[in-house]
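Pasted below: input.cif, mmCIF, C-alpha atoms.
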```cif
data_entry
loop_
_atom_site.group_PDB
_atom_site.id
_atom_site.type_symbol
_atom_site.label_atom_id
_atom_site.label_comp_id
_atom_site.auth_asym_id
_atom_site.auth_seq_id
_atom_site.Cartn_x
_atom_site.Cartn_y
_atom_site.Cartn_z
ATOM 1 C CA MET F 20 13.565 6.893 -13.031
ATOM 2 C CA SER F 21 11.685 3.642 -13.025
ATOM 3 C CA ALA F 22 8.006 2.815 -13.339
ATOM 4 C CA THR F 23 6.281 0.793 -10.670
ATOM 5 C CA PRO F 24 3.967 -1.735 -12.252
ATOM 6 C CA GLN F 25 0.729 -2.388 -10.448
ATOM 7 C CA ARG F 26 0.811 -5.365 -8.129
ATOM 8 C CA GLU F 27 -1.220 -8.343 -9.227
ATOM 9 C CA SER F 28 -1.509 -10.356 -6.050
ATOM 10 C CA GLY F 29 -4.705 -12.312 -5.543
ATOM 11 C CA HIS F 30 -6.643 -10.232 -3.033
ATOM 12 C CA GLN F 31 -9.997 -11.586 -4.068
ATOM 13 C CA GLN F 32 -9.833 -14.627 -1.807
ATOM 14 C CA SER F 33 -10.222 -12.445 1.279
ATOM 15 C CA LEU F 34 -13.333 -10.648 0.005
ATOM 16 C CA ASP F 35 -16.614 -11.460 1.693
ATOM 17 C CA ALA F 36 -20.087 -11.160 0.201
ATOM 18 C CA LEU F 37 -20.486 -7.518 1.273
ATOM 19 C CA ASP F 38 -17.145 -6.514 -0.254
ATOM 20 C CA ARG F 39 -18.225 -8.155 -3.489
ATOM 21 C CA ARG F 40 -21.526 -6.303 -3.513
ATOM 22 C CA LEU F 41 -19.704 -3.008 -2.886
ATOM 23 C CA LEU F 42 -17.418 -3.718 -5.849
ATOM 24 C CA ASP F 43 -20.198 -4.961 -8.097
ATOM 25 C CA GLU F 44 -23.345 -2.956 -7.486
ATOM 26 C CA PHE F 45 -22.082 0.611 -7.187
ATOM 27 C CA GLN F 46 -20.058 1.059 -10.371
ATOM 28 C CA ARG F 47 -22.774 3.289 -11.784
ATOM 29 C CA ASP F 48 -25.670 5.321 -10.430
ATOM 30 C CA PHE F 49 -23.759 6.078 -7.233
ATOM 31 C CA PRO F 50 -26.099 8.108 -4.989
ATOM 32 C CA PHE F 51 -25.998 11.868 -5.587
ATOM 33 C CA GLU F 52 -27.319 12.760 -2.147
ATOM 34 C CA PRO F 53 -25.741 14.356 0.918
ATOM 35 C CA HIS F 54 -25.003 11.033 2.674
ATOM 36 C CA PRO F 55 -24.321 8.513 -0.117
ATOM 37 C CA PHE F 56 -22.573 5.975 2.113
ATOM 38 C CA ALA F 57 -25.587 5.949 4.432
ATOM 39 C CA ALA F 58 -27.791 5.251 1.394
ATOM 40 C CA ILE F 59 -25.536 2.347 0.399
ATOM 41 C CA ALA F 60 -25.515 1.111 3.985
ATOM 42 C CA GLY F 61 -29.301 1.048 3.897
ATOM 43 C CA ARG F 62 -29.268 -1.096 0.776
ATOM 44 C CA LEU F 63 -26.735 -3.524 2.226
ATOM 45 C CA GLY F 64 -28.266 -3.586 5.694
ATOM 46 C CA ILE F 65 -25.084 -2.488 7.492
ATOM 47 C CA ALA F 66 -23.913 0.681 9.236
ATOM 48 C CA GLU F 67 -22.656 3.739 7.331
ATOM 49 C CA ALA F 68 -19.339 3.502 9.199
ATOM 50 C CA SER F 69 -18.914 -0.108 7.996
ATOM 51 C CA VAL F 70 -19.431 0.939 4.375
ATOM 52 C CA ILE F 71 -16.773 3.630 4.724
ATOM 53 C CA ALA F 72 -14.370 1.278 6.522
ATOM 54 C CA ARG F 73 -14.810 -1.413 3.856
ATOM 55 C CA LEU F 74 -14.273 1.053 1.007
ATOM 56 C CA GLU F 75 -11.138 2.353 2.760
ATOM 57 C CA ARG F 76 -9.835 -1.202 3.036
ATOM 58 C CA LEU F 77 -10.632 -2.020 -0.616
ATOM 59 C CA GLN F 78 -8.912 1.170 -1.717
ATOM 60 C CA ALA F 79 -5.866 0.488 0.486
ATOM 61 C CA ALA F 80 -5.664 -3.010 -1.028
ATOM 62 C CA ASP F 81 -5.672 -1.335 -4.463
ATOM 63 C CA LEU F 82 -8.839 -3.133 -5.569
ATOM 64 C CA ILE F 83 -10.621 0.192 -6.065
ATOM 65 C CA SER F 84 -8.985 2.955 -8.042
ATOM 66 C CA ARG F 85 -11.427 5.588 -6.773
ATOM 67 C CA ILE F 86 -15.064 6.511 -6.560
ATOM 68 C CA GLY F 87 -15.436 8.871 -9.424
ATOM 69 C CA SER F 88 -16.696 9.615 -12.882
ATOM 70 C CA VAL F 89 -16.054 8.359 -16.374
ATOM 71 C CA ILE F 90 -16.444 11.335 -18.698
ATOM 72 C CA ALA F 91 -17.758 10.974 -22.244
ATOM 73 C CA PRO F 92 -14.822 11.188 -24.680
ATOM 74 C CA HIS F 93 -14.240 14.608 -26.204
ATOM 75 C CA ARG F 94 -16.623 16.380 -23.827
ATOM 76 C CA ALA F 95 -13.683 17.468 -21.764
ATOM 77 C CA GLY F 96 -11.195 18.331 -24.461
ATOM 78 C CA TRP F 97 -9.136 16.082 -26.688
ATOM 79 C CA SER F 98 -7.774 12.589 -26.215
ATOM 80 C CA THR F 99 -5.939 9.957 -28.179
ATOM 81 C CA LEU F 100 -4.660 6.411 -27.866
ATOM 82 C CA ALA F 101 -0.928 6.420 -28.568
ATOM 83 C CA ALA F 102 1.459 3.549 -29.239
ATOM 84 C CA MET F 103 5.241 3.194 -29.441
ATOM 85 C CA ARG F 104 7.697 0.478 -30.449
ATOM 86 C CA VAL F 105 10.165 0.601 -27.579
ATOM 87 C CA PRO F 106 13.310 -1.543 -27.411
ATOM 88 C CA GLU F 107 12.899 -3.988 -24.521
ATOM 89 C CA ALA F 108 15.936 -2.661 -22.647
ATOM 90 C CA ARG F 109 14.517 0.885 -22.602
ATOM 91 C CA LEU F 110 10.934 0.023 -21.775
ATOM 92 C CA ASP F 111 10.970 0.827 -18.035
ATOM 93 C CA ASP F 112 12.615 4.202 -18.584
ATOM 94 C CA VAL F 113 10.369 5.181 -21.485
ATOM 95 C CA ALA F 114 7.273 4.072 -19.530
ATOM 96 C CA ALA F 115 8.361 6.216 -16.581
ATOM 97 C CA LEU F 116 8.907 9.199 -18.855
ATOM 98 C CA VAL F 117 5.445 8.738 -20.391
ATOM 99 C CA ASN F 118 3.920 8.417 -16.886
ATOM 100 C CA SER F 119 5.512 11.695 -15.851
ATOM 101 C CA PHE F 120 3.096 13.665 -18.060
ATOM 102 C CA LYS F 121 -0.063 14.589 -16.139
ATOM 103 C CA GLU F 122 -2.016 14.310 -19.413
ATOM 104 C CA VAL F 123 -1.312 10.536 -19.514
ATOM 105 C CA ASN F 124 -3.960 8.631 -17.558
ATOM 106 C CA HIS F 125 -3.507 5.040 -18.766
ATOM 107 C CA ASN F 126 -0.227 3.394 -19.733
ATOM 108 C CA TYR F 127 0.215 -0.310 -20.475
ATOM 109 C CA GLU F 128 2.866 -2.637 -21.790
ATOM 110 C CA ARG F 129 1.275 -4.924 -24.380
ATOM 111 C CA GLU F 130 2.424 -8.047 -26.191
ATOM 112 C CA HIS F 131 2.955 -6.594 -29.645
ATOM 113 C CA ALA F 132 5.661 -4.947 -31.752
ATOM 114 C CA PHE F 133 3.911 -1.779 -30.572
ATOM 115 C CA ASN F 134 4.603 -2.624 -26.946
ATOM 116 C CA LEU F 135 3.724 0.600 -25.101
ATOM 117 C CA TRP F 136 0.140 1.909 -25.273
ATOM 118 C CA PHE F 137 -1.086 4.982 -23.442
ATOM 119 C CA VAL F 138 -3.993 7.424 -23.413
ATOM 120 C CA VAL F 139 -3.382 11.174 -23.536
ATOM 121 C CA THR F 140 -6.229 13.468 -22.448
ATOM 122 C CA ALA F 141 -5.730 17.217 -22.694
ATOM 123 C CA ALA F 142 -7.777 20.393 -22.644
ATOM 124 C CA SER F 143 -7.087 20.949 -26.346
ATOM 125 C CA ARG F 144 -5.752 19.110 -29.373
ATOM 126 C CA ALA F 145 -2.726 21.413 -29.457
ATOM 127 C CA GLN F 146 -1.868 20.622 -25.849
ATOM 128 C CA GLY F 147 -2.313 16.870 -26.408
ATOM 129 C CA GLU F 148 -0.189 16.829 -29.538
ATOM 130 C CA ALA F 149 2.495 18.839 -27.748
ATOM 131 C CA VAL F 150 2.730 15.984 -25.226
ATOM 132 C CA LEU F 151 3.176 13.450 -28.042
ATOM 133 C CA ARG F 152 5.912 15.598 -29.647
ATOM 134 C CA ALA F 153 7.646 16.021 -26.283
ATOM 135 C CA ILE F 154 7.677 12.243 -25.778
ATOM 136 C CA GLU F 155 9.101 11.747 -29.272
ATOM 137 C CA ALA F 156 11.763 14.390 -28.663
ATOM 138 C CA ALA F 157 12.774 12.939 -25.300
ATOM 139 C CA THR F 158 12.949 9.322 -26.514
ATOM 140 C CA GLY F 159 13.791 9.545 -30.220
ATOM 141 C CA ILE F 160 10.970 7.022 -30.822
ATOM 142 C CA ALA F 161 7.984 7.778 -33.056
ATOM 143 C CA VAL F 162 4.561 7.942 -31.413
ATOM 144 C CA MET F 163 1.600 6.573 -33.396
ATOM 145 C CA SER F 164 -1.556 8.509 -32.500
ATOM 146 C CA LEU F 165 -5.000 6.915 -32.983
ATOM 147 C CA PRO F 166 -7.648 9.431 -31.883
ATOM 148 C CA LEU F 167 -11.186 8.228 -31.422
ATOM 149 C CA GLU F 168 -13.355 8.533 -34.531
ATOM 150 C CA GLU F 169 -16.551 6.918 -33.301
ATOM 151 C CA ALA F 170 -17.575 5.420 -29.940
ATOM 152 C CA PHE F 171 -19.884 2.412 -30.073
ATOM 153 C CA ARG F 172 -19.527 1.632 -26.386
ATOM 154 C CA ILE F 173 -17.997 3.632 -23.550
ATOM 155 C CA ASP F 174 -16.965 2.190 -20.205
ATOM 156 C CA LEU F 175 -20.231 1.597 -18.367
ATOM 157 C CA GLY F 176 -18.797 -0.471 -15.575
ATOM 158 C CA PHE F 177 -17.890 -4.062 -15.415
ATOM 159 C CA ALA F 178 -19.929 -7.045 -14.225
ATOM 160 C CA LEU F 179 -17.669 -9.047 -11.938
ATOM 161 C CA THR F 180 -17.968 -12.803 -11.704
ATOM 162 C CA TRP F 181 -16.618 -14.613 -8.685
ATOM 163 C CA ASP F 182 -15.066 -18.059 -8.565
ATOM 164 C CA MET S 21 -19.497 20.581 -26.592
ATOM 165 C CA GLY S 22 -16.730 21.630 -24.189
ATOM 166 C CA LEU S 23 -17.061 21.802 -20.432
ATOM 167 C CA SER S 24 -17.784 25.046 -18.650
ATOM 168 C CA ALA S 25 -15.191 26.476 -16.281
ATOM 169 C CA ALA S 26 -17.386 25.470 -13.341
ATOM 170 C CA GLU S 27 -17.643 21.875 -14.599
ATOM 171 C CA LYS S 28 -13.880 21.626 -15.101
ATOM 172 C CA GLU S 29 -13.314 23.000 -11.625
ATOM 173 C CA LEU S 30 -15.688 20.414 -10.157
ATOM 174 C CA LEU S 31 -14.060 17.495 -12.030
ATOM 175 C CA ALA S 32 -10.620 18.716 -10.973
ATOM 176 C CA ALA S 33 -11.707 18.870 -7.328
ATOM 177 C CA MET S 34 -12.932 15.264 -7.623
ATOM 178 C CA GLN S 35 -10.145 13.812 -9.760
ATOM 179 C CA ASP S 36 -8.690 11.690 -6.962
ATOM 180 C CA GLY S 37 -12.121 10.353 -6.142
ATOM 181 C CA LEU S 38 -14.889 11.063 -3.700
ATOM 182 C CA PRO S 39 -13.488 11.393 -0.154
ATOM 183 C CA LEU S 40 -14.569 8.522 2.095
ATOM 184 C CA VAL S 41 -16.334 10.630 4.716
ATOM 185 C CA PRO S 42 -20.029 10.721 5.661
ATOM 186 C CA ALA S 43 -20.737 13.925 3.691
ATOM 187 C CA PRO S 44 -18.306 13.726 0.751
ATOM 188 C CA TYR S 45 -20.127 16.195 -1.499
ATOM 189 C CA ALA S 46 -19.981 18.788 1.285
ATOM 190 C CA ALA S 47 -16.225 18.149 1.495
ATOM 191 C CA ILE S 48 -15.900 18.763 -2.263
ATOM 192 C CA ALA S 49 -18.041 21.889 -1.921
ATOM 193 C CA ALA S 50 -15.745 23.191 0.823
ATOM 194 C CA ARG S 51 -12.743 22.800 -1.507
ATOM 195 C CA LEU S 52 -14.573 24.776 -4.186
ATOM 196 C CA GLY S 53 -16.095 27.370 -1.903
ATOM 197 C CA CYS S 54 -19.653 26.582 -2.989
ATOM 198 C CA SER S 55 -22.596 24.796 -1.397
ATOM 199 C CA GLU S 56 -23.166 21.043 -1.179
ATOM 200 C CA ASP S 57 -26.427 21.562 -3.009
ATOM 201 C CA GLU S 58 -24.588 23.268 -5.873
ATOM 202 C CA VAL S 59 -22.175 20.292 -6.203
ATOM 203 C CA LEU S 60 -25.048 17.793 -6.233
ATOM 204 C CA ARG S 61 -27.012 19.830 -8.774
ATOM 205 C CA ARG S 62 -24.026 20.146 -11.128
ATOM 206 C CA LEU S 63 -23.179 16.435 -10.911
ATOM 207 C CA ASP S 64 -26.776 15.489 -11.535
ATOM 208 C CA ALA S 65 -26.967 17.794 -14.552
ATOM 209 C CA MET S 66 -23.718 16.383 -15.998
ATOM 210 C CA ALA S 67 -24.991 12.834 -15.540
ATOM 211 C CA ARG S 68 -28.301 13.689 -17.192
ATOM 212 C CA ASP S 69 -26.754 15.423 -20.229
ATOM 213 C CA GLY S 70 -24.330 12.535 -20.788
ATOM 214 C CA THR S 71 -21.118 14.374 -19.879
ATOM 215 C CA ILE S 72 -20.654 11.924 -17.011
ATOM 216 C CA ARG S 73 -21.104 8.483 -18.548
ATOM 217 C CA ARG S 74 -20.976 6.794 -15.199
ATOM 218 C CA PHE S 75 -20.252 7.724 -11.638
ATOM 219 C CA GLY S 76 -19.328 5.107 -9.078
ATOM 220 C CA VAL S 77 -16.788 2.619 -7.879
ATOM 221 C CA ILE S 78 -13.945 2.239 -10.380
ATOM 222 C CA VAL S 79 -12.376 -1.172 -9.797
ATOM 223 C CA ARG S 80 -8.899 -2.377 -10.692
ATOM 224 C CA HIS S 81 -9.531 -5.397 -12.874
ATOM 225 C CA ARG S 82 -6.076 -6.870 -12.571
ATOM 226 C CA ALA S 83 -5.996 -6.778 -8.787
ATOM 227 C CA LEU S 84 -9.385 -8.526 -8.801
ATOM 228 C CA GLY S 85 -7.986 -11.432 -10.764
ATOM 229 C CA TYR S 86 -8.876 -10.326 -14.290
ATOM 230 C CA ARG S 87 -5.383 -10.937 -15.564
ATOM 231 C CA ALA S 88 -6.219 -11.250 -19.243
ATOM 232 C CA ASN S 89 -6.763 -7.672 -20.384
ATOM 233 C CA ALA S 90 -7.097 -7.827 -24.142
ATOM 234 C CA MET S 91 -7.250 -5.046 -26.663
ATOM 235 C CA VAL S 92 -8.774 -6.797 -29.658
ATOM 236 C CA VAL S 93 -8.187 -4.970 -32.933
ATOM 237 C CA TRP S 94 -10.006 -5.677 -36.189
ATOM 238 C CA ASP S 95 -9.502 -4.644 -39.800
ATOM 239 C CA VAL S 96 -13.091 -4.199 -40.955
ATOM 240 C CA PRO S 97 -14.009 -2.704 -44.357
ATOM 241 C CA ASP S 98 -15.074 0.923 -43.889
ATOM 242 C CA THR S 99 -18.506 0.135 -45.293
ATOM 243 C CA HIS S 100 -19.145 -2.417 -42.515
ATOM 244 C CA VAL S 101 -17.369 -0.910 -39.551
ATOM 245 C CA GLY S 102 -20.420 0.949 -38.196
ATOM 246 C CA GLU S 103 -22.610 -2.139 -38.250
ATOM 247 C CA ALA S 104 -19.841 -4.327 -36.764
ATOM 248 C CA GLY S 105 -19.123 -1.766 -34.022
ATOM 249 C CA ARG S 106 -22.765 -1.562 -33.021
ATOM 250 C CA ARG S 107 -23.051 -5.346 -32.875
ATOM 251 C CA LEU S 108 -19.868 -5.750 -30.808
ATOM 252 C CA ALA S 109 -20.930 -2.985 -28.417
ATOM 253 C CA VAL S 110 -23.908 -4.927 -27.065
ATOM 254 C CA LEU S 111 -21.901 -8.014 -26.068
ATOM 255 C CA PRO S 112 -21.702 -8.219 -22.258
ATOM 256 C CA PHE S 113 -17.952 -8.918 -22.124
ATOM 257 C CA VAL S 114 -16.977 -5.981 -24.369
ATOM 258 C CA THR S 115 -16.242 -2.961 -22.145
ATOM 259 C CA LEU S 116 -15.136 -0.498 -24.843
ATOM 260 C CA CYS S 117 -15.690 -0.409 -28.590
ATOM 261 C CA TYR S 118 -14.195 2.393 -30.667
ATOM 262 C CA ARG S 119 -13.420 3.159 -34.301
ATOM 263 C CA ARG S 120 -9.959 4.659 -34.803
ATOM 264 C CA PRO S 121 -7.930 5.586 -37.905
ATOM 265 C CA ARG S 122 -5.658 3.161 -39.747
ATOM 266 C CA ARG S 123 -1.978 4.128 -40.059
ATOM 267 C CA PRO S 124 -0.659 2.120 -42.994
ATOM 268 C CA PRO S 125 1.685 0.415 -43.393
ATOM 269 C CA ALA S 126 2.432 0.163 -39.656
ATOM 270 C CA TRP S 127 -1.171 -0.238 -38.478
ATOM 271 C CA ARG S 128 -4.079 -1.700 -40.489
ATOM 272 C CA TYR S 129 -6.766 -2.020 -37.769
ATOM 273 C CA ASN S 130 -9.714 0.374 -37.505
ATOM 274 C CA LEU S 131 -11.944 -1.193 -34.842
ATOM 275 C CA PHE S 132 -10.884 -1.570 -31.201
ATOM 276 C CA THR S 133 -12.591 -3.555 -28.436
ATOM 277 C CA MET S 134 -11.498 -4.142 -24.856
ATOM 278 C CA ILE S 135 -12.221 -7.471 -23.188
ATOM 279 C CA HIS S 136 -11.270 -8.250 -19.574
ATOM 280 C CA GLY S 137 -11.192 -11.925 -18.653
ATOM 281 C CA ARG S 138 -9.837 -14.077 -15.881
ATOM 282 C CA ASP S 139 -7.642 -16.036 -18.308
ATOM 283 C CA ARG S 140 -6.522 -16.053 -21.910
ATOM 284 C CA ALA S 141 -8.471 -19.109 -23.002
ATOM 285 C CA THR S 142 -11.745 -17.461 -21.952
ATOM 286 C CA VAL S 143 -10.845 -14.283 -23.814
ATOM 287 C CA GLU S 144 -9.940 -16.223 -26.955
ATOM 288 C CA THR S 145 -13.308 -18.005 -26.883
ATOM 289 C CA GLN S 146 -15.093 -14.665 -26.408
ATOM 290 C CA VAL S 147 -13.225 -13.101 -29.323
ATOM 291 C CA GLU S 148 -14.369 -15.900 -31.623
ATOM 292 C CA GLU S 149 -17.917 -15.497 -30.317
ATOM 293 C CA ALA S 150 -17.692 -11.735 -30.930
ATOM 294 C CA ALA S 151 -16.422 -12.254 -34.480
ATOM 295 C CA GLN S 152 -19.398 -14.456 -35.296
ATOM 296 C CA ALA S 153 -21.911 -12.172 -33.583
ATOM 297 C CA ALA S 154 -20.655 -9.137 -35.500
ATOM 298 C CA GLY S 155 -20.320 -10.949 -38.827
ATOM 299 C CA ILE S 156 -16.592 -10.232 -39.030
ATOM 300 C CA GLY S 157 -15.211 -13.767 -38.825
ATOM 301 C CA GLU S 158 -13.263 -13.100 -42.030
ATOM 302 C CA ALA S 159 -11.699 -9.825 -40.884
ATOM 303 C CA ALA S 160 -8.031 -9.781 -39.917
ATOM 304 C CA ARG S 161 -7.692 -9.356 -36.162
ATOM 305 C CA GLU S 162 -5.163 -9.482 -33.349
ATOM 306 C CA ILE S 163 -5.619 -10.066 -29.639
ATOM 307 C CA VAL S 164 -3.141 -7.745 -27.944
ATOM 308 C CA PHE S 165 -2.826 -8.749 -24.284
ATOM 309 C CA SER S 166 -1.458 -6.376 -21.697
ATOM 310 C CA ARG S 167 1.667 -7.392 -19.821
ATOM 311 C CA ARG S 168 2.119 -4.633 -17.213
ATOM 312 C CA CYS S 169 0.055 -1.672 -16.088
ATOM 313 C CA PHE S 170 2.241 1.378 -15.513
ATOM 314 C CA LYS S 171 -0.592 3.825 -14.853
ATOM 315 C CA GLN S 172 -4.376 3.699 -14.481
ATOM 316 C CA ARG S 173 -6.303 6.668 -13.181
ATOM 317 C CA GLY S 174 -8.943 9.141 -14.209
ATOM 318 C CA ALA S 175 -8.131 11.883 -16.669
ATOM 319 C CA ARG S 176 -7.019 15.248 -15.298
ATOM 320 C CA TYR S 177 -9.331 17.996 -16.514
ATOM 321 C CA GLY S 178 -8.139 20.897 -14.416
ATOM 322 C CA ALA S 179 -5.124 21.619 -16.595
ATOM 323 C CA GLY S 180 -5.752 24.748 -18.661
#
```
In structure tokens, how does this file's structure come out?
Amino acid sequence: MSATPQRESGHQQSLDALDRRLLDEFQRDFPFEPHPFAAIAGRLGIAEASVIARLERLQAADLISRIGSVIAPHRAGWSTLAAMRVPEARLDDVAALVNSFKEVNHNYEREHAFNLWFVVTAASRAQGEAVLRAIEAATGIAVMSLPLEEAFRIDLGFALTWD
Amino acid sequence: MGLSAAEKELLAAMQDGLPLVPAPYAAIAARLGCSEDEVLRRLDAMARDGTIRRFGVIVRHRALGYRANAMVVWDVPDTHVGEAGRRLAVLPFVTLCYRRPRRPPAWRYNLFTMIHGRDRATVETQVEEAAQAAGIGEAAREIVFSRRCFKQRGARYGAG
């Protein structure tokens, strides 16, 4: 079992002005109407089919994760940020094990003694903690759990700047 | 403050993103066996009551050239952490700002901010700017850069 890290090739050179506007201007307040891509097309002055084709291309190039929602923390159950100190030689295997849980939605290697950081989101606290215990049992490595206590800012999108 | 069964079902049907077809909400409705109007009404209600914080294009920062993904952690006295968090939250380059528990002795930091930058030098400058803006220049802090992304996707809410 091995994890596949996300590619980091520089796609942004091949993006034209319309691609950039699609990436930049529709991170929030996406149209809730029957034909949202037609509404976007109207704003950009292009055809609906071009909007769809461009979004397909941006998604295929892995520049867009999805068009979807960011849910307020704790509205949808329980979540925590978890961290582990994993020996370098075991990192790929442990990361793949962590990824295999459907409750894990983010998982990063970071430059720290705690070198593996992941987010667990579950329907209940019991279910989320069971995932943490299962990871500890499978790896023999302690999991430090840091559940949210107060949110001062939640992901509201990201203003892109272009070179 | 939990989600209703109908809301969970809707989020689960949309967890891989809106399909890229001319009438995507109708496609979601077909999966759920309800009407397009019902899907639009539920989404609108969830956006208005704050359950959905944002709905739209979710970009991959790293693929777009934002290679310096920094989790900046701060050890701020409990009496000041609320004020510091609120001041950090309004900075344009801070995408997330959360208070989390300390876990001594392994972990002393109680305030977490995420900063995405094109390079490390920019992020380091922004962290110093943030420290001054929030009045926490004296607080112990670490900039914890990411090295590899193993997984990034939306949470799965369908699981019972």
Interface list for chain F, partner chain S, 6 Å threshold, all atoms listed in the file, as an MDAnalysis selection string: chainID F and resid 24:25 27 31 45:47 49 53:54 71 82:91 94:95 124:130 165 167:174
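Relative to atom CA of Leu116 of chain F, atom CA of Val138 of chain F is found at 13.8 Å.
Taking all atoms listed in the file into account, Ala66 of chain F lies nearest to F:Leu37 out of the set F:Ala132, F:Gln146, F:Leu37, F:Ala108.
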Atom-to-atom span, atom CA of Asp35 of chain F and atom CA of Ala57 of chain F, Å: 19.8 Å
Shell around Ala161 of chain F at 8 Å using only C-alpha atoms, local window under 4 positions removed, as a list in words: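 Contacts, in chain order: Met103, Arg104 and Glu155 of chain F.
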Atomic separation - atom CA of Leu110 of chain F relative to atom CA of Phe137 of chain F, Å: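 Atom-to-atom, atom CA of Phe137 of chain F and atom CA of Leu110 of chain F are spaced 13.1 Å apart.
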Residue neighbourhood Ala160 of chain S, 10 Å, all atoms listed in the file, exclusion window fewer than 3 positions, as a VMD selection string: chain S and resid 93 to 96 128 to 129 156 to 157
Go ahead and save the picked residues with C-alpha atoms, as an mmCIF file, in the frame of the given file.
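Final output, saved to part_21.cif:
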```
data_model
loop_
_atom_site.group_PDB
_atom_site.id
_atom_site.type_symbol
_atom_site.label_atom_id
_atom_site.label_comp_id
_atom_site.auth_asym_id
_atom_site.auth_seq_id
_atom_site.Cartn_x
_atom_site.Cartn_y
_atom_site.Cartn_z
ATOM 1 C CA VAL S 93 -8.187 -4.970 -32.933
ATOM 2 C CA TRP S 94 -10.006 -5.677 -36.189
ATOM 3 C CA ASP S 95 -9.502 -4.644 -39.800
ATOM 4 C CA VAL S 96 -13.091 -4.199 -40.955
ATOM 5 C CA ARG S 128 -4.079 -1.700 -40.489
ATOM 6 C CA TYR S 129 -6.766 -2.020 -37.769
ATOM 7 C CA ILE S 156 -16.592 -10.232 -39.030
ATOM 8 C CA GLY S 157 -15.211 -13.767 -38.825
#
```
Pick from F:Leu34, F:Ala101, F:Pro50, F:Pro106 nearest to Leu77 of chain F, counting all atoms listed in the file: F:Leu34
Resolved residues for the PyMOL selection byres ((chain F and resi 99) around 10) as a list of chain:residue names: F:Pro92, F:His93, F:Trp97, F:Ser98, F:Leu100, F:Ala101, F:Ala102, F:Val123, F:Phe137, F:Val138, F:Val139, F:Thr140, F:Ala141, F:Arg144, F:Gly147, F:Glu148, F:Leu151, F:Met163, F:Ser164, F:Leu165, F:Pro166, F:Leu167, F:Glu168, S:Arg120
Coordinates of box centre and edge lengths for segment 117-125 of chain S, 8 Å on every side, axis-aligned, as lines of an AutoDock Vina configuration file:
```
center_x = -7.0
center_y = 2.6
center_z = -36.0
size_x = 33.4
size_y = 22.0
size_z = 30.8
```
Using all atoms listed in the file: which of S:Ala65, S:Ala26, S:Cys54, S:Val92 has the shortest distance to Glu144 of chain S: S:Val92
Which residue of F:Val113, F:Ala145, F:Val150, F:Leu63 approaches Ala36 of chain F most closely, using only C-alpha atoms: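 Nearest candidate to Ala36 of chain F out of F:Val113, F:Ala145, F:Val150, F:Leu63: F:Leu63.
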Using the atoms already present, construct N, CA and C atoms for segment 116-128 of chain S and hand them back as a compact mmCIF listing (two decimals), keeping the file's coordinate frame.
```
# COMPACT_ATOMS: atom_id res chain seq x y z
N LEU S 116 -15.31 -1.68 -24.01
CA LEU S 116 -15.14 -0.50 -24.84
C LEU S 116 -15.17 -0.93 -26.29
N CYS S 117 -15.71 -0.10 -27.16
CA CYS S 117 -15.69 -0.41 -28.59
C CYS S 117 -15.60 0.91 -29.36
N TYR S 118 -14.47 1.12 -30.00
CA TYR S 118 -14.20 2.39 -30.67
C TYR S 118 -13.71 2.17 -32.10
N ARG S 119 -14.06 3.10 -32.99
CA ARG S 119 -13.42 3.16 -34.30
C ARG S 119 -12.29 4.18 -34.24
N ARG S 120 -11.13 3.78 -34.78
CA ARG S 120 -9.96 4.66 -34.80
C ARG S 120 -9.36 4.62 -36.21
N PRO S 121 -8.48 5.58 -36.54
CA PRO S 121 -7.93 5.59 -37.90
C PRO S 121 -6.90 4.48 -38.12
N ARG S 122 -6.77 4.04 -39.37
CA ARG S 122 -5.66 3.16 -39.75
C ARG S 122 -4.41 4.03 -39.94
N ARG S 123 -3.23 3.42 -39.77
CA ARG S 123 -1.98 4.13 -40.06
C ARG S 123 -1.09 3.22 -40.90
N PRO S 124 -1.45 3.02 -42.17
CA PRO S 124 -0.66 2.12 -42.99
C PRO S 124 0.73 2.70 -43.27
N PRO S 125 1.76 1.88 -43.44
CA PRO S 125 1.68 0.42 -43.39
C PRO S 125 1.83 -0.15 -41.99
N ALA S 126 2.13 0.70 -40.99
CA ALA S 126 2.43 0.16 -39.66
C ALA S 126 1.20 -0.42 -38.97
N TRP S 127 0.03 0.13 -39.26
CA TRP S 127 -1.17 -0.24 -38.48
C TRP S 127 -2.39 -0.32 -39.39
N ARG S 128 -2.98 -1.50 -39.55
CA ARG S 128 -4.08 -1.70 -40.49
C ARG S 128 -5.45 -1.72 -39.82
```
